[in-house]
Each structure stands twice: as C-alpha cells, then as structure tokens.
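Next comes work01.cif, a file with mmCIF, C-alpha atoms.
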data_work
loop_
_atom_site.group_PDB
_atom_site.id
_atom_site.type_symbol
_atom_site.label_atom_id
_atom_site.label_comp_id
_atom_site.auth_asym_id
_atom_site.auth_seq_id
_atom_site.Cartn_x
_atom_site.Cartn_y
_atom_site.Cartn_z
ATOM 1 C CA MET A 209 -7.198 -0.431 24.225
ATOM 2 C CA GLN A 210 -3.856 0.434 25.775
ATOM 3 C CA GLU A 211 -3.092 3.940 26.981
ATOM 4 C CA PHE A 212 -1.264 6.329 24.653
ATOM 5 C CA PRO A 213 1.350 6.771 23.380
ATOM 6 C CA HIS A 214 1.575 3.611 21.277
ATOM 7 C CA HIS A 215 4.843 2.794 19.506
ATOM 8 C CA TYR A 216 5.256 0.779 16.297
ATOM 9 C CA ARG A 217 8.654 -0.351 15.055
ATOM 10 C CA VAL A 218 9.365 -1.592 11.528
ATOM 11 C CA SER A 219 12.664 -2.378 9.783
ATOM 12 C CA ALA A 220 13.580 -2.376 6.106
ATOM 13 C CA ALA A 221 16.719 -3.898 4.575
ATOM 14 C CA GLY A 222 17.923 -4.172 1.011
ATOM 15 C CA ALA A 223 20.941 -4.410 -1.247
ATOM 16 C CA THR A 224 21.945 -2.388 -4.307
ATOM 17 C CA ALA A 225 19.159 -3.982 -6.374
ATOM 18 C CA GLY A 226 16.176 -6.289 -5.952
ATOM 19 C CA THR A 227 13.570 -6.371 -3.255
ATOM 20 C CA VAL A 228 13.545 -4.596 0.071
ATOM 21 C CA ARG A 229 12.517 -6.772 3.007
ATOM 22 C CA VAL A 230 10.184 -5.027 5.448
ATOM 23 C CA SER A 231 9.758 -6.677 8.834
ATOM 24 C CA ALA A 232 8.341 -6.146 12.301
ATOM 25 C CA ALA A 233 8.278 -8.260 15.435
ATOM 26 C CA GLU A 234 5.722 -11.080 15.342
ATOM 27 C CA LEU A 235 4.679 -10.317 11.738
ATOM 28 C CA PRO A 236 5.525 -12.035 8.454
ATOM 29 C CA ALA A 237 8.099 -10.151 6.400
ATOM 30 C CA LEU A 238 7.085 -8.411 3.168
ATOM 31 C CA ASP A 239 9.268 -8.092 0.095
ATOM 32 C CA THR A 240 8.740 -4.764 -1.658
ATOM 33 C CA MET A 241 10.021 -3.052 -4.797
ATOM 34 C CA PRO A 242 9.559 0.307 -6.416
ATOM 35 C CA PRO A 243 6.322 0.492 -8.412
ATOM 36 C CA PRO A 244 6.517 0.075 -12.208
ATOM 37 C CA GLN A 245 6.291 3.881 -12.547
ATOM 38 C CA TYR A 246 9.773 3.986 -10.963
ATOM 39 C CA GLY A 247 11.180 1.012 -12.871
ATOM 40 C CA GLY A 248 10.124 -1.747 -10.468
ATOM 41 C CA GLU A 249 8.693 -5.079 -11.520
ATOM 42 C CA PRO A 250 4.894 -5.452 -11.499
ATOM 43 C CA GLY A 251 3.379 -7.722 -8.871
ATOM 44 C CA HIS A 252 5.147 -6.380 -5.779
ATOM 45 C CA TRP A 253 4.017 -4.189 -2.927
ATOM 46 C CA SER A 254 5.722 -0.786 -2.918
ATOM 47 C CA PRO A 255 5.853 2.062 -0.393
ATOM 48 C CA GLU A 256 3.184 3.789 -2.491
ATOM 49 C CA THR A 257 0.775 0.831 -2.532
ATOM 50 C CA LEU A 258 1.427 0.118 1.154
ATOM 51 C CA LEU A 259 0.484 3.697 2.058
ATOM 52 C CA VAL A 260 -2.710 3.582 0.000
ATOM 53 C CA ALA A 261 -3.490 0.149 1.520
ATOM 54 C CA ALA A 262 -3.018 1.642 4.991
ATOM 55 C CA VAL A 263 -5.626 4.298 4.167
ATOM 56 C CA ALA A 264 -8.118 1.648 2.992
ATOM 57 C CA ASP A 265 -7.429 -0.702 5.905
ATOM 58 C CA CYS A 266 -7.662 2.089 8.468
ATOM 59 C CA PHE A 267 -10.978 3.241 7.020
ATOM 60 C CA VAL A 268 -12.501 -0.253 7.323
ATOM 61 C CA LEU A 269 -11.205 -0.674 10.883
ATOM 62 C CA ALA A 270 -12.430 2.806 11.878
ATOM 63 C CA PHE A 271 -15.816 2.005 10.365
ATOM 64 C CA ARG A 272 -16.067 -1.209 12.388
ATOM 65 C CA SER A 273 -15.396 0.733 15.569
ATOM 66 C CA VAL A 274 -17.827 3.544 14.738
ATOM 67 C CA ALA A 275 -20.553 1.108 13.652
ATOM 68 C CA GLN A 276 -20.181 -0.907 16.852
ATOM 69 C CA ALA A 277 -20.347 2.215 19.039
ATOM 70 C CA SER A 278 -23.399 3.397 17.066
ATOM 71 C CA ARG A 279 -25.049 -0.030 17.251
ATOM 72 C CA LEU A 280 -25.396 -0.100 13.477
ATOM 73 C CA GLU A 281 -26.387 -3.460 12.034
ATOM 74 C CA TRP A 282 -24.397 -4.072 8.847
ATOM 75 C CA GLU A 283 -23.276 -7.001 6.734
ATOM 76 C CA SER A 284 -20.131 -6.002 4.853
ATOM 77 C CA VAL A 285 -18.011 -3.036 3.872
ATOM 78 C CA ARG A 286 -15.572 -2.580 0.998
ATOM 79 C CA CYS A 287 -13.202 0.312 0.602
ATOM 80 C CA ASP A 288 -11.319 1.144 -2.603
ATOM 81 C CA VAL A 289 -8.788 3.956 -2.402
ATOM 82 C CA GLU A 290 -6.932 5.769 -5.154
ATOM 83 C CA GLY A 291 -3.946 7.852 -4.126
ATOM 84 C CA THR A 292 -2.695 10.602 -6.421
ATOM 85 C CA LEU A 293 1.069 11.123 -6.429
ATOM 86 C CA GLU A 294 2.274 14.411 -7.901
ATOM 87 C CA ARG A 295 5.351 16.569 -8.102
ATOM 88 C CA MET A 296 4.793 20.046 -6.649
ATOM 89 C CA ASP A 297 7.482 22.634 -5.979
ATOM 90 C CA ARG A 298 10.162 20.007 -6.733
ATOM 91 C CA VAL A 299 8.755 17.657 -4.064
ATOM 92 C CA THR A 300 7.011 14.357 -4.848
ATOM 93 C CA LEU A 301 4.043 13.726 -2.569
ATOM 94 C CA PHE A 302 0.564 12.293 -2.387
ATOM 95 C CA THR A 303 -1.859 15.160 -2.920
ATOM 96 C CA HIS A 304 -5.189 13.349 -2.738
ATOM 97 C CA PHE A 305 -6.722 10.102 -1.549
ATOM 98 C CA GLU A 306 -10.098 9.223 -2.995
ATOM 99 C CA ILE A 307 -11.932 6.787 -0.725
ATOM 100 C CA ASN A 308 -14.780 4.815 -2.275
ATOM 101 C CA ALA A 309 -16.668 2.874 0.382
ATOM 102 C CA GLU A 310 -19.412 0.346 -0.238
ATOM 103 C CA LEU A 311 -21.496 -0.746 2.737
ATOM 104 C CA ARG A 312 -24.105 -3.478 2.811
ATOM 105 C CA ILE A 313 -26.870 -3.153 5.399
ATOM 106 C CA GLY A 314 -29.956 -5.303 5.852
ATOM 107 C CA ASP A 315 -32.538 -2.623 6.702
ATOM 108 C CA SER A 316 -33.256 0.527 4.679
ATOM 109 C CA SER A 317 -34.392 2.343 7.822
ATOM 110 C CA SER A 318 -30.724 2.367 8.918
ATOM 111 C CA ARG A 319 -29.558 4.244 5.803
ATOM 112 C CA GLY A 320 -29.134 7.622 7.513
ATOM 113 C CA LYS A 321 -27.270 6.100 10.431
ATOM 114 C CA ALA A 322 -25.081 4.117 8.034
ATOM 115 C CA GLU A 323 -24.153 7.277 6.094
ATOM 116 C CA ARG A 324 -23.253 9.067 9.330
ATOM 117 C CA CYS A 325 -21.101 6.115 10.424
ATOM 118 C CA LEU A 326 -19.229 6.102 7.105
ATOM 119 C CA GLU A 327 -18.620 9.858 7.342
ATOM 120 C CA LYS A 328 -17.435 9.538 10.943
ATOM 121 C CA ALA A 329 -15.087 6.671 9.995
ATOM 122 C CA GLU A 330 -13.468 8.894 7.364
ATOM 123 C CA ARG A 331 -12.859 11.592 9.990
ATOM 124 C CA ALA A 332 -11.601 9.034 12.544
ATOM 125 C CA CYS A 333 -8.974 7.320 10.359
ATOM 126 C CA LEU A 334 -5.655 7.863 12.130
ATOM 127 C CA ILE A 335 -3.662 7.236 8.955
ATOM 128 C CA THR A 336 -5.255 10.040 6.934
ATOM 129 C CA ASN A 337 -5.194 12.237 10.043
ATOM 130 C CA SER A 338 -1.407 11.663 10.251
ATOM 131 C CA LEU A 339 -0.356 12.313 6.678
ATOM 132 C CA LYS A 340 0.664 15.915 7.354
ATOM 133 C CA ALA A 341 2.441 14.982 10.579
ATOM 134 C CA GLU A 342 5.884 16.316 11.478
ATOM 135 C CA THR A 343 8.738 13.980 10.582
ATOM 136 C CA THR A 344 11.946 13.567 12.562
ATOM 137 C CA LEU A 345 15.047 11.909 11.084
ATOM 138 C CA GLN A 346 17.682 10.151 13.184
ATOM 139 C CA LEU A 347 20.802 9.101 11.267
ATOM 140 C CA GLN A 348 23.291 6.344 11.883
ATOM 141 C CA ILE A 349 25.899 5.638 9.235
ATOM 142 C CA GLU A 350 27.972 2.476 9.316
ATOM 143 C CA ILE A 351 31.075 1.982 7.218
ATOM 144 C CA SER A 352 31.751 -1.528 5.956
ATOM 145 C CA GLU A 353 35.441 -2.328 6.207
ATOM 146 C CA SER A 354 36.392 -4.806 3.496
ATOM 147 C CA GLY A 355 39.564 -6.739 3.075
#

Mind turning the file's structure into structure tokens?
Amino acid sequence: MQEFPHHYRVSAAGATAGTVRVSAAELPALDTMPPPQYGGEPGHWSPETLLVAAVADCFVLAFRSVAQASRLEWESVRCDVEGTLERMDRVTLFTHFEINAELRIGDSSSRGKAERCLEKAERACLITNSLKAETTLQLQIEISESG
C-alpha cells in the first residue's frame, strides 16, 4: 500500500436534462440519473445507489483484508446494504445503512473467528467511517458567451 494521503479525482458532466457522465482517469465512464424517487428513469445508477454500493463494496474489501490478516479460511462473502434517506431539519441525508453480510466458511470450528472478522470489517470500512467527514467546497463559475 502507498503512504497516505491518497487522492482520488472524479469528474461529472451533464446538460440540462438526461444522464450525467461520471468519469475518472483509467476507468470506464458511468452514466447516472436521479433515482425514480426524484423523477429519474429506472435502470440507472444514481448518486444514492453509488453511495450505498460504495458501502457494500468497501465492506467486502475490508473483510478480505481482515480475513487475510487473521488467516481465516473462507469461501465466499456477500454483502447487501440498505441505505435510509430521510429529511431531517430541512436537510436530506442518509441516516442509516443496514449491512447484511453472508459469509461461507468450510469449517464450523472457525465460526467465532469468522464472526470477529466480519465485525472488524464493519469497523474498518473507510467509506462508513468517512460519512460524517467535513466537506470543503471550491467554486469556479464559467460564463458561456453565445453569439
């Protein structure tokens, strides 16, 4: 692993309607839309589903790391996450993420170790650890001169 800090850069571009194209260097672009709850078309990734996916993905990756360090023998893991979006004090935010993890192991004598690894993975997930992080906004406004 590289030394900290790590930096990740992503861009998003869109027009007055339609999809928003999210891109990053050396990665395939993603077309996103608002979720159906906000009038978007079904079948597209949205900021909401991407955030919940990041929680699930981070959990699985954290589990892999914890299991390897703990020398846990395991076969497969599945993580389903439900994020709850609410409006509180006139602010819309995710208030809860329910993580449902299913782990397959080959030996029942490893059950206790497996439970500890799953619990440690939940505590180690950098995405859920970051959700209350401070946010800084830098603005740049460009004016399109037409005609």

Rows by chain and residue number, range 210-289 of chain A within 7 Å of range 323-338 of chain A, shortest pair, all atoms listed in the file, as JSON lines:
{"residue": "A:Ala262", "atom": "CA", "partner": "A:Ile335", "partner_atom": "CA", "distance": 6.9}
{"residue": "A:Val263", "atom": "CA", "partner": "A:Ile335", "partner_atom": "CA", "distance": 6.0}
{"residue": "A:Cys266", "atom": "CA", "partner": "A:Cys333", "partner_atom": "CA", "distance": 5.7}
{"residue": "A:Phe267", "atom": "CA", "partner": "A:Cys333", "partner_atom": "CA", "distance": 5.6}
{"residue": "A:Ala270", "atom": "CA", "partner": "A:Ala329", "partner_atom": "CA", "distance": 5.1}
{"residue": "A:Phe271", "atom": "CA", "partner": "A:Ala329", "partner_atom": "CA", "distance": 4.7}
{"residue": "A:Val274", "atom": "CA", "partner": "A:Cys325", "partner_atom": "CA", "distance": 6.0}
{"residue": "A:Ala275", "atom": "CA", "partner": "A:Cys325", "partner_atom": "CA", "distance": 6.0}

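Comparing A:Leu293, A:Leu280, A:Ala233, A:Ala223 by their smallest distance to Thr257 in chain A, the closest is A:Leu293 (using only C-alpha atoms).
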
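One finds CA of Val230 in chain A at 7.0 Å from CA of Val218 in chain A.
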
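Among the candidates A:Glu256, A:Gly226, A:Asp265, A:Gly314, the one nearest to Glu294 in chain A when counting all atoms listed in the file is A:Glu256.
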
Minimum-distance residue to Leu311 in chain A, chosen among A:Arg272, A:Glu290, A:Leu258, A:Gln210 (using only C-alpha atoms): A:Arg272

Could you work out how far CA of Ser219 in chain A lies from CA of Leu269 in chain A, giving the answer in Å with one decimal? 24.0 Å

The PyMOL selection byres ((chain A and resi 252) around 8) applied to the shown file, residues as a list in words: Asp239, Thr240, Met241, Pro243, Glu249, Pro250, Gly251, Trp253 and Ser254 of chain A

Apply the PyMOL selection byres ((chain A and resi 289) around 8) to the file shown and report the selected residues as a list in words.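 Checking the PyMOL selection byres ((chain A and resi 289) around 8) against this file, the residues are Val260, Ala261, Val263, Ala264, Cys287, Asp288, Glu290, Gly291, Phe305, Glu306, Ile307 and Asn308 of chain A.
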
Report the distance between CA of Glu310 in chain A and CA of Val268 in chain A in Å, rounded to one decimal place.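 Calculated distance between CA of Glu310 in chain A and CA of Val268 in chain A is 10.3 Å.
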
Once 6 Å is added on each side, what centre and edge lengths in Å to one decimal does the axis-aligned box around all listed atoms of range 219-236 of chain A have, as AutoDock Vina command-line options?
--center_x 13.3 --center_y -7.2 --center_z 4.5 --size_x 29.3 --size_y 21.7 --size_z 33.8

Contact residues around Thr292 in chain A with only C-alpha atoms at 8 Å, ignoring same-chain residues under 6 positions, as a list of chain:residue names: A:Phe302, A:Thr303, A:His304, A:Phe305

With all atoms listed in the file as the atoms that count, which of A:Pro236, A:Gly248, A:Arg312, A:Pro242 lies nearest to Glu283 in chain A?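 For Glu283 in chain A, the nearest of the candidates is A:Arg312.
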
Of the candidates A:Glu234, A:Leu339, A:Thr300, A:Arg319, which one gets nearest to Arg217 in chain A if we count all atoms listed in the file? A:Glu234
